[in-house]
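This report refers to the structure that appears directly beneath it.
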Amino acid sequence: MTTPNTNHPCACGSYAFEVLIHENVGGDKAWQQKTTGCTATTQSTFAPGHDAKLKSLLIAAGVGGHQARQTTRDTVVAKDAVRVAADLGWEDLVREAIAKGR
């Protein structure tokens with residue numbers, strides 16, 4: 001008997017990076033989290049077009065010099081955006097776009 005494919009969260013929604021928006025004289029820092037904003041579910045790894053959303057997020061992180069963070073349940077892994085792209089098979093594309101600044 002085959003088990004039916006079930007939807008799970010789109011993978012792009014598990015990635016983010018943080019941008020420093022304010023630091024006061026006491027050294028307290030306020031950060032803004034940047035995400036794809038994805039809440040889609042899919043039977044695949046990505047909902048249609050959401051691999052492009054993640055590529056754009058990784059490029060923005062790389063251009064800004066920010067680490068990309070992937071959250072899976074209660075674990076957060078932070079890496080250079082190009083390393084994340086390499087894990088996904090997009091290293092050259094993301095590296096080139098970061099080098100161009102877009």
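Identifiers in this document derive from the order of the structure tokens: chains are assigned A, B, ..., residues are numbered from 1 separately in each chain, and ligands are numbered from 1 in order of occurrence.
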
For this session: Tell me, as number ranges by chain, which residues lie within 7 Å of segment 70-72 of chain A, counting only C-alpha atoms; anything in the same chain fewer than 4 positions away does not count.
Result: A: 14-16, 76-78

For this session: Show which residues sit within 12 Å of segment 79-91 of chain A, as a ChimeraX atom specification. Count only C-alpha atoms, and ignore same-chain residues fewer than 4 positions away.
Result: /A:11-12,15-17,45-46,51-52,54-71,95-99

For this session: Between A:Asp74, A:Glu23, A:Glu18, A:Asp92, single out the one closest to Thr35 of chain A, counting only C-alpha atoms.
Result: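 Ranked by minimum distance to Thr35 of chain A, first place goes to A:Glu18.
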
Problem set entry | Residue set, segment 27-83 of chain A restricted to alpha helix (DSSP H), as a list of chain:residue names |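 Written out, the alpha helix (DSSP H) residues of segment 27-83 of chain A are A:His50, A:Asp51, A:Ala52, A:Lys53, A:Leu54, A:Lys55, A:Ser56, A:Leu57, A:Leu58, A:Ile59, A:Ala60, A:Ala61, A:Gly62, A:Val63, A:Gly64, A:Ala81, A:Val82, A:Arg83.
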
Exercise. Which one of A:His22, A:Arg102, A:Asn5, A:Gly49 sits closest to Thr36 of chain A if you count only C-alpha atoms?
Worked result: A:Gly49

Problem set entry | chain A: residues DSSP assigns to strand (DSSP E), reported as a PyMOL selection string | chain A and resi 8-9+15-23+29-35+41-42+67-72+75-80
